[in-house]
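Colleague: One structure, pasted below without further comment.
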Amino acid sequence: MSSPEEKTLILKSSDNEEFLVKESVAVQCITIKNLVEDGCDLDAIPLLNVDSKNLAWIIEFMEKYADSTSTDAEKKDFDTEFVKKPFNDVLGLILAANYLNFPALMDVMCDACANEMKLWSVEQVREKFHIQNDYTEEEEKAVRAENFWAFE
Amino acid sequence: MSDEGFLMNLPSHIIVEILSSLPAITVINCKLVCKKWLSLISTPEFAKLHLFKSNPVLGVFQHKPGGGEVCRLFEFDHHGIHSDPVFKFEVSVSLCISHGATGCVGSINGLVCLRNFGHEYDALYICNPITREYVNLPFLDRAFENPSQVTYGFGLSTISGKYKVVRIFHEGANDPTTGAWLSISRSECHVHTLGTNSWRDIRDVPFGYSCRSVGPFFNGNLHWVIQDLEGSELISCFDVQKESFHPFPPPFPGERHKRSLHSLGVVAGCLCLCDNTSDSEIVLWVMKEYGVKKSWIREFIISKVPDFAGPAYEMVYALKFFENGDILLTLEDHCLFFYRNQSKTLQKVEAGPNYTIQTMLYVPSFVSVKDFVLTENVRVF
């Protein structure tokens with residue numbers, strides 16, 4: 001007879017890997033919390049938009065944040081190390097956090113993304129986000145002129 | 001699975017989540033990335049989310065030698081202030097002010113209320129230095145006679161969402177040595193709601209206000225340290241939504257003081273009173289629970305001697321408490337200084353030529369003045 005805190009869930013990644021997570025930890029993801037509260041009785045919860053690489057990281061993050069013994073300072077140190085990932089992986093975690101509706105992870109990853117972006121030129125931002133510049137030369141000049149003071 | 005595939009289809013709301021975490025200057029840089037990003041940044045929804053995440057920066061207004069004022073904005077870090085400003089706002093030049101002195105009445109959500117002390121009239125402005133929009137408030141049809149004291153406050157009515165500027169004006173007799181009110185022959189209070197074209201007369205104004213006092217806005221109210229005619233000090237509280245005054249519990253008992261050297265501010269999410277009356281120490285009171293008299297705690301006592309050639313007859317304003325116990329303060333309109341917790345000393349911040357300064361805490365935002373005022377009345381600099 002297990003108490004609710006000890007109940008374990010099986011989370012299945014998009015590439016069919018299964019992970020065991022305590023329910024009390026997993027419900028930090030509101031998407032999972034809603035499924036549980038709605039009485040989902042599947043053997044494993046399929047997370048169609050999260051691959052095993054991201055799911056492993058997310059579980060690592062969830063477990064740290066669910067741990068009541070970890071102090072704020074420890075969480076901060078954990079965050080600092082956790083976000084040291086290639087930029088594409090940072091974006092991947094943002095998308096996963098959004099899909100799973102996990103605010104704490106979303107905040108940490110968006111901050112990390114923002115911290116990197118602060119140092120980039122406009123061209124670098126385009127490169128990292130794989131964005132095509134769709135401004136004409138005149139249009140770009142006009143936006144620059146309107147905001148000249150920020151580019152000084 | 002191609003990494004680039006998913007990146008090229010980042011949903012707009014994710015882009016907004018990321019961009020709203022950026023400091024304002026970086027957001028402006030991102031306007032140039034592509035047209036989609038420009039349009040995402042230009043929405044009121046973006047402004048709201050960005051404001052929510054935006055961290056306060058220090059604004060330092062300085063009078064320039066040739067005339068006029070400039071405001072430099074500095075970011076904080078864990079231990080202090082960055083030495084280089086994140087940007088510079090040419091106050092007088094931008095607002096086309098050619099005479100007098102301009103000071104800050106207050107700042108809320110990225111909007112700044114500025115007062116130009118002209119010859120006979122005051123001119124008031126609301127502007128956002130990030131969006132570069134500003135509006136002139138309508139003139140209040142009143143010439144000031146001597147002695148007179150005018151004080152302003154800038155507040156936000158949290159229920160209606162309207163920004164308001166309050167002007168309190170007294171005429172009467174002051175004690176020449178202490179500056180205390182001896183008698184008040186006339187008191188007036190007017191309120192301007194941003195977006196309207198007039199000031200409304202609010203009849204009931206208790207007590208005497210010092211024209212040098214700044215009224216911090218907190219919890220829906222404006223607060224001023226004031227005196228009654230017996231010379232007792234009190235705190236007056238103006239409910240911005242209801243437009244009414246009521247007394248507010250001060251930390252000190254209502255004794256008669258020779259000079260009012262109490263300043264009010266908002267620090268670390270609490271109302272804070274900085275008492276510089278004593279020759280030997282500065283006392284910082286923090287109201288832990290808003291409105292509850294017993295919750296006023298003497299949080300910090302800063303010894304003035306022997307390190308600091310005393311700010312003996314000046315107002316001191318508390319700006320920020322740092323994690324390491326350091327405190328940032330402003331001495332009247334002279335300079336910034338730190339109380340260093342480790343060494344228990346005061347350290348002046350050298351910030352260039354010592355022209356009169358005024359400081360404010362400013363939260364950079366993209367809140368548009370046009371959201372509150374008819375577009376045709378909004379100017380851009």
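So you can find residues: chains in the structure tokens are A, B, ... in the order shown, residues in each start at 1, and ligands are numbered from 1 in order.
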Hey, list the chain A side of the contact with chain B: 7 Å cut-off, only C-alpha atoms, answer as a list in words.
Modeller: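 Listed by rising number, the hits are Cys110, Asp111, Cys113, Ala114, Lys118, Val122, Arg126, Phe129, His130, Ile131, Asn133, Asp134, Tyr135, Glu140, Val143 and Ala150 of chain A.
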Colleague: Once you have the residues from the selection above, write them out as a compact mmCIF listing (two decimals), in the first residue's frame, restricted to all heavy atoms.
Modeller:
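For reference, result07.txt as written:
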```
# COMPACT_ATOMS: atom_id res chain seq x y z
N CYS A 110 14.88 30.33 -20.35
CA CYS A 110 14.73 31.61 -21.05
C CYS A 110 15.77 32.60 -20.58
O CYS A 110 16.33 33.36 -21.38
CB CYS A 110 13.32 32.19 -20.83
SG CYS A 110 12.10 31.41 -21.88
N ASP A 111 16.04 32.60 -19.27
CA ASP A 111 17.07 33.50 -18.75
C ASP A 111 18.43 33.14 -19.34
O ASP A 111 19.20 34.02 -19.71
CB ASP A 111 17.16 33.37 -17.22
CG ASP A 111 16.14 34.25 -16.52
OD1 ASP A 111 15.54 35.11 -17.21
OD2 ASP A 111 15.94 34.07 -15.31
N CYS A 113 19.03 31.66 -22.16
CA CYS A 113 19.01 32.04 -23.57
C CYS A 113 19.22 33.54 -23.69
O CYS A 113 20.03 34.00 -24.50
CB CYS A 113 17.65 31.62 -24.15
SG CYS A 113 17.47 31.99 -25.88
N ALA A 114 18.53 34.29 -22.86
CA ALA A 114 18.65 35.75 -22.89
C ALA A 114 20.08 36.18 -22.57
O ALA A 114 20.61 37.09 -23.20
CB ALA A 114 17.66 36.37 -21.92
N LYS A 118 22.40 38.51 -25.14
CA LYS A 118 22.87 39.87 -24.80
C LYS A 118 24.19 40.18 -25.48
O LYS A 118 24.50 41.34 -25.74
CB LYS A 118 23.09 39.97 -23.29
CG LYS A 118 21.85 40.25 -22.46
CD LYS A 118 22.25 40.59 -21.03
CE LYS A 118 21.64 39.61 -20.06
NZ LYS A 118 21.85 39.95 -18.67
N VAL A 122 23.32 41.39 -34.26
CA VAL A 122 22.09 41.02 -34.94
C VAL A 122 22.34 39.83 -35.88
O VAL A 122 21.53 38.89 -35.95
CB VAL A 122 21.54 42.23 -35.73
CG1 VAL A 122 20.35 41.84 -36.57
CG2 VAL A 122 21.15 43.35 -34.77
N ARG A 126 20.59 36.02 -35.84
CA ARG A 126 19.96 35.38 -37.01
C ARG A 126 20.55 33.99 -37.26
O ARG A 126 19.84 33.03 -37.53
CB ARG A 126 20.19 36.23 -38.25
CG ARG A 126 19.35 37.48 -38.30
CD ARG A 126 19.48 38.16 -39.66
NE ARG A 126 18.96 39.51 -39.62
CZ ARG A 126 19.65 40.57 -40.05
NH1 ARG A 126 20.88 40.41 -40.53
NH2 ARG A 126 19.11 41.77 -40.01
N PHE A 129 19.45 31.40 -34.55
CA PHE A 129 18.05 31.04 -34.65
C PHE A 129 17.66 30.59 -36.05
O PHE A 129 16.48 30.34 -36.32
CB PHE A 129 17.16 32.24 -34.24
CG PHE A 129 17.05 32.45 -32.75
CD1 PHE A 129 17.98 33.22 -32.07
CD2 PHE A 129 16.02 31.87 -32.03
CE1 PHE A 129 17.89 33.41 -30.70
CE2 PHE A 129 15.91 32.07 -30.66
CZ PHE A 129 16.85 32.83 -30.00
N HIS A 130 18.63 30.55 -36.94
CA HIS A 130 18.39 30.16 -38.33
C HIS A 130 17.28 31.00 -38.95
O HIS A 130 16.29 30.48 -39.47
CB HIS A 130 18.05 28.67 -38.43
CG HIS A 130 19.12 27.80 -37.84
ND1 HIS A 130 20.29 27.52 -38.50
CD2 HIS A 130 19.22 27.22 -36.63
CE1 HIS A 130 21.05 26.77 -37.74
NE2 HIS A 130 20.44 26.57 -36.59
N ILE A 131 17.45 32.32 -38.86
CA ILE A 131 16.43 33.23 -39.38
C ILE A 131 17.00 33.95 -40.59
O ILE A 131 18.14 34.41 -40.58
CB ILE A 131 16.03 34.26 -38.30
CG1 ILE A 131 15.22 33.55 -37.20
CG2 ILE A 131 15.17 35.38 -38.90
CD1 ILE A 131 14.92 34.43 -36.02
N ASN A 133 17.11 37.14 -42.98
CA ASN A 133 16.82 38.56 -42.89
C ASN A 133 15.86 38.94 -44.00
O ASN A 133 16.18 38.83 -45.18
CB ASN A 133 18.14 39.35 -43.02
CG ASN A 133 17.92 40.84 -42.98
OD1 ASN A 133 16.83 41.31 -42.65
ND2 ASN A 133 18.96 41.60 -43.30
N ASP A 134 14.65 39.37 -43.64
CA ASP A 134 13.69 39.74 -44.68
C ASP A 134 13.50 41.24 -44.80
O ASP A 134 12.53 41.72 -45.39
CB ASP A 134 12.33 39.04 -44.44
CG ASP A 134 11.75 39.36 -43.07
OD1 ASP A 134 12.44 39.99 -42.25
OD2 ASP A 134 10.59 38.99 -42.82
N TYR A 135 14.42 42.00 -44.25
CA TYR A 135 14.38 43.45 -44.43
C TYR A 135 15.08 43.81 -45.73
O TYR A 135 16.12 43.24 -46.05
CB TYR A 135 15.14 44.15 -43.29
CG TYR A 135 14.39 44.28 -41.99
CD1 TYR A 135 14.87 43.64 -40.84
CD2 TYR A 135 13.25 45.06 -41.87
CE1 TYR A 135 14.22 43.77 -39.63
CE2 TYR A 135 12.59 45.20 -40.65
CZ TYR A 135 13.08 44.55 -39.55
OH TYR A 135 12.44 44.68 -38.36
N GLU A 140 15.77 48.24 -43.28
CA GLU A 140 16.69 48.05 -42.16
C GLU A 140 17.24 49.39 -41.69
O GLU A 140 17.31 49.67 -40.49
CB GLU A 140 17.83 47.11 -42.57
CG GLU A 140 18.66 46.68 -41.38
CD GLU A 140 19.63 45.55 -41.68
OE1 GLU A 140 19.29 44.66 -42.48
OE2 GLU A 140 20.72 45.55 -41.09
N VAL A 143 14.64 51.21 -39.53
CA VAL A 143 14.53 50.72 -38.15
C VAL A 143 15.74 51.17 -37.34
O VAL A 143 15.62 51.58 -36.18
CB VAL A 143 14.39 49.18 -38.11
CG1 VAL A 143 14.34 48.67 -36.67
CG2 VAL A 143 13.13 48.73 -38.86
N ALA A 150 19.99 53.37 -29.31
CA ALA A 150 20.27 52.07 -28.69
C ALA A 150 21.46 51.38 -29.34
O ALA A 150 22.05 50.48 -28.75
CB ALA A 150 19.05 51.17 -28.77
```
Colleague: Mind checking which residues fall within 9 Å of Ser52 of chain A, counting only C-alpha atoms, ignoring those fewer than 2 positions away in the same chain, and posting them as a VMD selection string?
Modeller: chain A and resid 12 to 19 50 54 to 57
Colleague: Could those residues be written to a file, using N, CA and C atoms, as an mmCIF file, in the first residue's frame?
Modeller:
```
data_model
loop_
_atom_site.group_PDB
_atom_site.id
_atom_site.type_symbol
_atom_site.label_atom_id
_atom_site.label_comp_id
_atom_site.auth_asym_id
_atom_site.auth_seq_id
_atom_site.Cartn_x
_atom_site.Cartn_y
_atom_site.Cartn_z
ATOM 1 N N LYS A 12 7.101 8.149 -20.998
ATOM 2 C CA LYS A 12 7.686 7.571 -22.202
ATOM 3 C C LYS A 12 8.029 8.666 -23.198
ATOM 4 N N SER A 13 9.280 8.706 -23.615
ATOM 5 C CA SER A 13 9.715 9.740 -24.561
ATOM 6 C C SER A 13 9.226 9.422 -25.962
ATOM 7 N N SER A 14 9.387 10.387 -26.867
ATOM 8 C CA SER A 14 8.926 10.216 -28.249
ATOM 9 C C SER A 14 9.672 9.087 -28.941
ATOM 10 N N ASP A 15 10.896 8.779 -28.486
ATOM 11 C CA ASP A 15 11.658 7.668 -29.068
ATOM 12 C C ASP A 15 11.556 6.421 -28.206
ATOM 13 N N ASN A 16 10.424 6.335 -27.513
ATOM 14 C CA ASN A 16 10.027 5.110 -26.792
ATOM 15 C C ASN A 16 10.904 4.656 -25.639
ATOM 16 N N GLU A 17 11.626 5.583 -25.042
ATOM 17 C CA GLU A 17 12.377 5.205 -23.844
ATOM 18 C C GLU A 17 11.525 5.504 -22.625
ATOM 19 N N GLU A 18 11.547 4.617 -21.640
ATOM 20 C CA GLU A 18 10.696 4.812 -20.465
ATOM 21 C C GLU A 18 11.517 5.263 -19.273
ATOM 22 N N PHE A 19 10.972 6.193 -18.531
ATOM 23 C CA PHE A 19 11.645 6.733 -17.351
ATOM 24 C C PHE A 19 10.702 6.631 -16.156
ATOM 25 N N VAL A 50 8.671 15.080 -26.684
ATOM 26 C CA VAL A 50 9.915 15.169 -25.913
ATOM 27 C C VAL A 50 10.744 13.909 -26.132
ATOM 28 N N ASN A 54 16.125 15.050 -24.045
ATOM 29 C CA ASN A 54 15.527 16.155 -23.294
ATOM 30 C C ASN A 54 14.819 15.670 -22.046
ATOM 31 N N LEU A 55 14.140 14.518 -22.147
ATOM 32 C CA LEU A 55 13.391 14.012 -20.995
ATOM 33 C C LEU A 55 14.328 13.684 -19.835
ATOM 34 N N ALA A 56 15.487 13.126 -20.158
ATOM 35 C CA ALA A 56 16.465 12.809 -19.103
ATOM 36 C C ALA A 56 16.874 14.083 -18.375
ATOM 37 N N TRP A 57 17.141 15.141 -19.128
ATOM 38 C CA TRP A 57 17.539 16.406 -18.517
ATOM 39 C C TRP A 57 16.405 16.979 -17.679
#
```
Colleague: Return the single residue from B:Val16, B:Val150, B:Lys348, B:Ile357 that is closest to Glu45 of chain B, with distances computed using only C-alpha atoms.
Modeller: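 Closest residue, counting only C-alpha atoms: B:Val16.
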Colleague: Give me, as a list in words, all polymer residues having an atom no more than 12 Å from Ile297 of chain B, counting only C-alpha atoms and skipping those fewer than 6 positions away in the same chain.
Modeller: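 Non-adjacent residues within range: Pro250, Pro251, Phe252, Cys270, Leu271, Cys272, Leu273, Cys274, Val283, Leu284, Trp285, Val286, Met287, Lys288, Glu289 and Tyr290 of chain B.
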Colleague: Those residues you just picked out, can you put them in a file as a CSV table (one decimal), in the first residue's frame with all heavy atoms?
Modeller:
```csv
chain,number,residue,atom,x,y,z
B,250,PRO,N,3.6,56.2,11.3
B,250,PRO,CA,5.1,56.4,11.2
B,250,PRO,C,5.8,55.5,12.2
B,250,PRO,O,5.2,55.0,13.2
B,250,PRO,CB,5.3,57.8,11.5
B,250,PRO,CG,4.2,58.2,12.5
B,250,PRO,CD,3.1,57.2,12.3
B,251,PRO,N,7.1,55.2,12.0
B,251,PRO,CA,7.8,54.4,13.0
B,251,PRO,C,8.2,55.2,14.3
B,251,PRO,O,8.3,54.6,15.3
B,251,PRO,CB,9.1,54.0,12.3
B,251,PRO,CG,9.3,55.1,11.2
B,251,PRO,CD,7.9,55.6,10.9
B,252,PHE,N,8.3,56.5,14.1
B,252,PHE,CA,8.7,57.4,15.2
B,252,PHE,C,7.5,57.9,15.9
B,252,PHE,O,6.4,58.1,15.3
B,252,PHE,CB,9.6,58.5,14.8
B,252,PHE,CG,9.1,59.2,13.5
B,252,PHE,CD1,8.1,60.1,13.5
B,252,PHE,CD2,9.6,58.8,12.3
B,252,PHE,CE1,7.6,60.7,12.4
B,252,PHE,CE2,9.1,59.4,11.1
B,252,PHE,CZ,8.1,60.3,11.2
B,270,CYS,N,9.4,46.8,0.4
B,270,CYS,CA,8.8,47.4,1.6
B,270,CYS,C,9.0,48.9,1.7
B,270,CYS,O,9.9,49.4,1.1
B,270,CYS,CB,9.5,46.8,2.9
B,270,CYS,SG,9.2,45.1,3.1
B,271,LEU,N,8.1,49.5,2.4
B,271,LEU,CA,8.2,50.9,2.6
B,271,LEU,C,9.4,51.1,3.6
B,271,LEU,O,9.5,50.4,4.6
B,271,LEU,CB,6.9,51.5,3.2
B,271,LEU,CG,6.7,53.0,3.1
B,271,LEU,CD1,6.6,53.5,1.7
B,271,LEU,CD2,5.4,53.4,3.8
B,272,CYS,N,10.2,52.1,3.3
B,272,CYS,CA,11.5,52.3,4.1
B,272,CYS,C,11.6,53.7,4.5
B,272,CYS,O,11.4,54.6,3.6
B,272,CYS,CB,12.6,51.8,3.2
B,272,CYS,SG,14.2,52.2,3.9
B,273,LEU,N,11.9,54.0,5.7
B,273,LEU,CA,12.1,55.4,6.1
B,273,LEU,C,13.6,55.5,6.6
B,273,LEU,O,14.1,54.8,7.4
B,273,LEU,CB,11.2,55.7,7.3
B,273,LEU,CG,11.3,57.2,7.8
B,273,LEU,CD1,9.9,57.8,8.0
B,273,LEU,CD2,12.1,57.3,9.0
B,274,CYS,N,14.2,56.5,6.0
B,274,CYS,CA,15.6,56.8,6.3
B,274,CYS,C,15.7,58.0,7.2
B,274,CYS,O,15.3,59.1,6.8
B,274,CYS,CB,16.3,57.0,5.0
B,274,CYS,SG,18.1,57.0,5.1
B,283,VAL,N,19.6,55.9,10.5
B,283,VAL,CA,18.8,54.8,10.9
B,283,VAL,C,17.8,54.4,9.7
B,283,VAL,O,17.1,55.3,9.2
B,283,VAL,CB,17.9,55.0,12.2
B,283,VAL,CG1,17.1,53.8,12.6
B,283,VAL,CG2,18.9,55.4,13.3
B,284,LEU,N,17.8,53.2,9.3
B,284,LEU,CA,16.8,52.8,8.3
B,284,LEU,C,15.7,51.9,8.9
B,284,LEU,O,16.0,50.9,9.5
B,284,LEU,CB,17.5,51.9,7.2
B,284,LEU,CG,18.5,52.7,6.3
B,284,LEU,CD1,19.2,51.8,5.4
B,284,LEU,CD2,17.8,53.7,5.5
B,285,TRP,N,14.5,52.4,8.8
B,285,TRP,CA,13.3,51.7,9.3
B,285,TRP,C,12.7,51.0,8.1
B,285,TRP,O,12.5,51.6,7.1
B,285,TRP,CB,12.3,52.7,9.9
B,285,TRP,CG,12.7,53.4,11.1
B,285,TRP,CD1,13.5,54.5,11.2
B,285,TRP,CD2,12.4,53.0,12.5
B,285,TRP,NE1,13.6,54.9,12.5
B,285,TRP,CE2,13.0,54.0,13.3
B,285,TRP,CE3,11.7,52.0,13.0
B,285,TRP,CZ2,12.8,53.9,14.7
B,285,TRP,CZ3,11.5,51.9,14.4
B,285,TRP,CH2,12.1,52.9,15.2
B,286,VAL,N,12.3,49.8,8.3
B,286,VAL,CA,11.6,49.1,7.2
B,286,VAL,C,10.2,48.6,7.8
B,286,VAL,O,10.2,48.0,8.8
B,286,VAL,CB,12.4,47.8,6.8
B,286,VAL,CG1,11.6,47.0,5.8
B,286,VAL,CG2,13.7,48.3,6.2
B,287,MET,N,9.2,48.9,7.0
B,287,MET,CA,7.8,48.5,7.4
B,287,MET,C,7.6,47.1,6.8
B,287,MET,O,7.2,46.9,5.7
B,287,MET,CB,6.8,49.5,6.9
B,287,MET,CG,5.4,49.2,7.5
B,287,MET,SD,4.2,50.4,6.9
B,287,MET,CE,3.4,50.8,8.5
B,288,LYS,N,7.8,46.1,7.6
B,288,LYS,CA,7.7,44.7,7.1
B,288,LYS,C,6.3,44.3,6.6
B,288,LYS,O,6.2,43.5,5.7
B,288,LYS,CB,8.1,43.7,8.2
B,288,LYS,CG,9.6,43.9,8.7
B,288,LYS,CD,10.5,43.4,7.6
B,288,LYS,CE,11.9,43.3,8.2
B,288,LYS,NZ,12.9,42.9,7.2
B,289,GLU,N,5.3,44.8,7.3
B,289,GLU,CA,3.9,44.5,6.9
B,289,GLU,C,3.2,45.9,6.6
B,289,GLU,O,3.0,46.6,7.5
B,289,GLU,CB,3.2,43.8,8.0
B,289,GLU,CG,2.5,42.6,7.7
B,289,GLU,CD,1.8,42.0,8.9
B,289,GLU,OE1,2.5,41.5,9.8
B,289,GLU,OE2,0.5,42.1,8.9
B,290,TYR,N,2.9,46.1,5.3
B,290,TYR,CA,2.4,47.4,4.9
B,290,TYR,C,1.2,47.8,5.7
B,290,TYR,O,0.2,47.1,5.9
B,290,TYR,CB,2.1,47.4,3.4
B,290,TYR,CG,1.6,48.8,2.9
B,290,TYR,CD1,2.5,49.8,2.8
B,290,TYR,CD2,0.3,49.0,2.7
B,290,TYR,CE1,2.1,51.0,2.3
B,290,TYR,CE2,-0.1,50.3,2.3
B,290,TYR,CZ,0.8,51.3,2.1
B,290,TYR,OH,0.4,52.5,1.7
```
Colleague: Show me, as a ChimeraX atom specification, the residues that have an atom within 12 Å of Leu42 of chain A when counting only C-alpha atoms, minus same-chain residues fewer than 3 positions from it.
Modeller: /A:9-12,35-36,38-39,45-46
Colleague: Any chance you could export the current selection's all heavy atoms as a PDB file, in the first residue's frame?
Modeller:
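Listing of again_15.pdb after writing:
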```
ATOM      1  N   LEU A   9       5.396   7.180 -11.592  1.00  0.00           N
ATOM      2  CA  LEU A   9       4.838   7.222 -12.940  1.00  0.00           C
ATOM      3  C   LEU A   9       5.879   6.734 -13.935  1.00  0.00           C
ATOM      4  O   LEU A   9       7.075   6.833 -13.679  1.00  0.00           O
ATOM      5  CB  LEU A   9       4.465   8.657 -13.308  1.00  0.00           C
ATOM      6  CG  LEU A   9       3.393   9.353 -12.479  1.00  0.00           C
ATOM      7  CD1 LEU A   9       3.272  10.804 -12.912  1.00  0.00           C
ATOM      8  CD2 LEU A   9       2.054   8.640 -12.617  1.00  0.00           C
ATOM      9  N   ILE A  10       5.389   6.249 -15.063  1.00  0.00           N
ATOM     10  CA  ILE A  10       6.304   5.924 -16.162  1.00  0.00           C
ATOM     11  C   ILE A  10       6.077   6.973 -17.231  1.00  0.00           C
ATOM     12  O   ILE A  10       4.963   7.160 -17.718  1.00  0.00           O
ATOM     13  CB  ILE A  10       6.025   4.517 -16.738  1.00  0.00           C
ATOM     14  CG1 ILE A  10       6.153   3.469 -15.632  1.00  0.00           C
ATOM     15  CG2 ILE A  10       6.978   4.229 -17.904  1.00  0.00           C
ATOM     16  CD1 ILE A  10       5.747   2.067 -16.079  1.00  0.00           C
ATOM     17  N   LEU A  11       7.162   7.689 -17.571  1.00  0.00           N
ATOM     18  CA  LEU A  11       7.071   8.675 -18.643  1.00  0.00           C
ATOM     19  C   LEU A  11       7.783   8.100 -19.851  1.00  0.00           C
ATOM     20  O   LEU A  11       8.906   7.615 -19.744  1.00  0.00           O
ATOM     21  CB  LEU A  11       7.733   9.992 -18.214  1.00  0.00           C
ATOM     22  CG  LEU A  11       7.151  10.664 -16.966  1.00  0.00           C
ATOM     23  CD1 LEU A  11       7.947  11.920 -16.621  1.00  0.00           C
ATOM     24  CD2 LEU A  11       5.684  11.012 -17.160  1.00  0.00           C
ATOM     25  N   LYS A  12       7.101   8.149 -20.998  1.00  0.00           N
ATOM     26  CA  LYS A  12       7.686   7.571 -22.202  1.00  0.00           C
ATOM     27  C   LYS A  12       8.029   8.666 -23.198  1.00  0.00           C
ATOM     28  O   LYS A  12       7.159   9.462 -23.590  1.00  0.00           O
ATOM     29  CB  LYS A  12       6.691   6.567 -22.818  1.00  0.00           C
ATOM     30  CG  LYS A  12       7.301   5.698 -23.906  1.00  0.00           C
ATOM     31  CD  LYS A  12       6.542   4.403 -24.094  1.00  0.00           C
ATOM     32  CE  LYS A  12       5.387   4.600 -25.065  1.00  0.00           C
ATOM     33  NZ  LYS A  12       4.788   3.299 -25.446  1.00  0.00           N
ATOM     34  N   LEU A  35      -3.004  15.400 -16.452  1.00  0.00           N
ATOM     35  CA  LEU A  35      -3.289  14.025 -16.882  1.00  0.00           C
ATOM     36  C   LEU A  35      -3.580  13.142 -15.678  1.00  0.00           C
ATOM     37  O   LEU A  35      -4.514  12.341 -15.688  1.00  0.00           O
ATOM     38  CB  LEU A  35      -2.088  13.451 -17.657  1.00  0.00           C
ATOM     39  CG  LEU A  35      -1.984  13.818 -19.126  1.00  0.00           C
ATOM     40  CD1 LEU A  35      -0.657  13.360 -19.714  1.00  0.00           C
ATOM     41  CD2 LEU A  35      -3.135  13.187 -19.914  1.00  0.00           C
ATOM     42  N   VAL A  36      -2.761  13.293 -14.640  1.00  0.00           N
ATOM     43  CA  VAL A  36      -2.920  12.478 -13.424  1.00  0.00           C
ATOM     44  C   VAL A  36      -4.253  12.795 -12.755  1.00  0.00           C
ATOM     45  O   VAL A  36      -5.005  11.906 -12.358  1.00  0.00           O
ATOM     46  CB  VAL A  36      -1.731  12.730 -12.453  1.00  0.00           C
ATOM     47  CG1 VAL A  36      -2.007  12.163 -11.083  1.00  0.00           C
ATOM     48  CG2 VAL A  36      -0.459  12.153 -13.028  1.00  0.00           C
ATOM     49  N   ASP A  38      -6.883  14.022 -14.082  1.00  0.00           N
ATOM     50  CA  ASP A  38      -8.012  13.578 -14.900  1.00  0.00           C
ATOM     51  C   ASP A  38      -8.185  12.066 -14.860  1.00  0.00           C
ATOM     52  O   ASP A  38      -9.045  11.528 -15.537  1.00  0.00           O
ATOM     53  CB  ASP A  38      -7.827  14.041 -16.362  1.00  0.00           C
ATOM     54  CG  ASP A  38      -8.028  15.542 -16.495  1.00  0.00           C
ATOM     55  OD1 ASP A  38      -8.540  16.147 -15.533  1.00  0.00           O
ATOM     56  OD2 ASP A  38      -7.672  16.109 -17.550  1.00  0.00           O
ATOM     57  N   GLY A  39      -7.309  11.419 -14.078  1.00  0.00           N
ATOM     58  CA  GLY A  39      -7.464   9.978 -13.882  1.00  0.00           C
ATOM     59  C   GLY A  39      -6.922   9.143 -15.021  1.00  0.00           C
ATOM     60  O   GLY A  39      -7.500   8.148 -15.418  1.00  0.00           O
ATOM     61  N   ILE A  45       2.889   7.284 -19.489  1.00  0.00           N
ATOM     62  CA  ILE A  45       2.406   8.540 -20.072  1.00  0.00           C
ATOM     63  C   ILE A  45       3.281   8.865 -21.268  1.00  0.00           C
ATOM     64  O   ILE A  45       4.493   9.071 -21.117  1.00  0.00           O
ATOM     65  CB  ILE A  45       2.460   9.670 -19.030  1.00  0.00           C
ATOM     66  CG1 ILE A  45       1.529   9.344 -17.864  1.00  0.00           C
ATOM     67  CG2 ILE A  45       2.075  10.987 -19.672  1.00  0.00           C
ATOM     68  CD1 ILE A  45       1.549  10.358 -16.746  1.00  0.00           C
ATOM     69  N   PRO A  46       2.683   8.889 -22.464  1.00  0.00           N
ATOM     70  CA  PRO A  46       3.494   9.172 -23.653  1.00  0.00           C
ATOM     71  C   PRO A  46       3.702  10.675 -23.822  1.00  0.00           C
ATOM     72  O   PRO A  46       2.750  11.445 -23.784  1.00  0.00           O
ATOM     73  CB  PRO A  46       2.625   8.614 -24.794  1.00  0.00           C
ATOM     74  CG  PRO A  46       1.216   8.682 -24.291  1.00  0.00           C
ATOM     75  CD  PRO A  46       1.250   8.711 -22.800  1.00  0.00           C
TER      76      PRO A  46
END
```
Colleague: Just the strand (DSSP E or B) stuff from segment 250-339 of chain B, please, per backbone DSSP, written as a PyMOL selection string.
Modeller: chain B and resi 256+262-267+270-275+281-287+296-303+316-321+327-331+335-339
Colleague: Which polymer residues have any atom within 9 Å of an atom of Leu222 of chain B, counting only C-alpha atoms, with same-chain residues fewer than 2 positions away left out, as a list in words?
Modeller: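 After dropping sequence-adjacent residues, the list is Gly153, Phe154, Gly155, Gly215, Pro216, Phe217, Phe218, Asn219, Gly220, Trp224, Ser236, Cys237, Phe238, Asp239 and Val240 of chain B.
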Colleague: Pull the alpha helix (DSSP H) assignments for chain A out of DSSP run on the backbone, and list those residues as a PyMOL selection string.
Modeller: chain A and resi 23-26+30-37+52-66+72-82+87-100+103-117+122-129+137-146
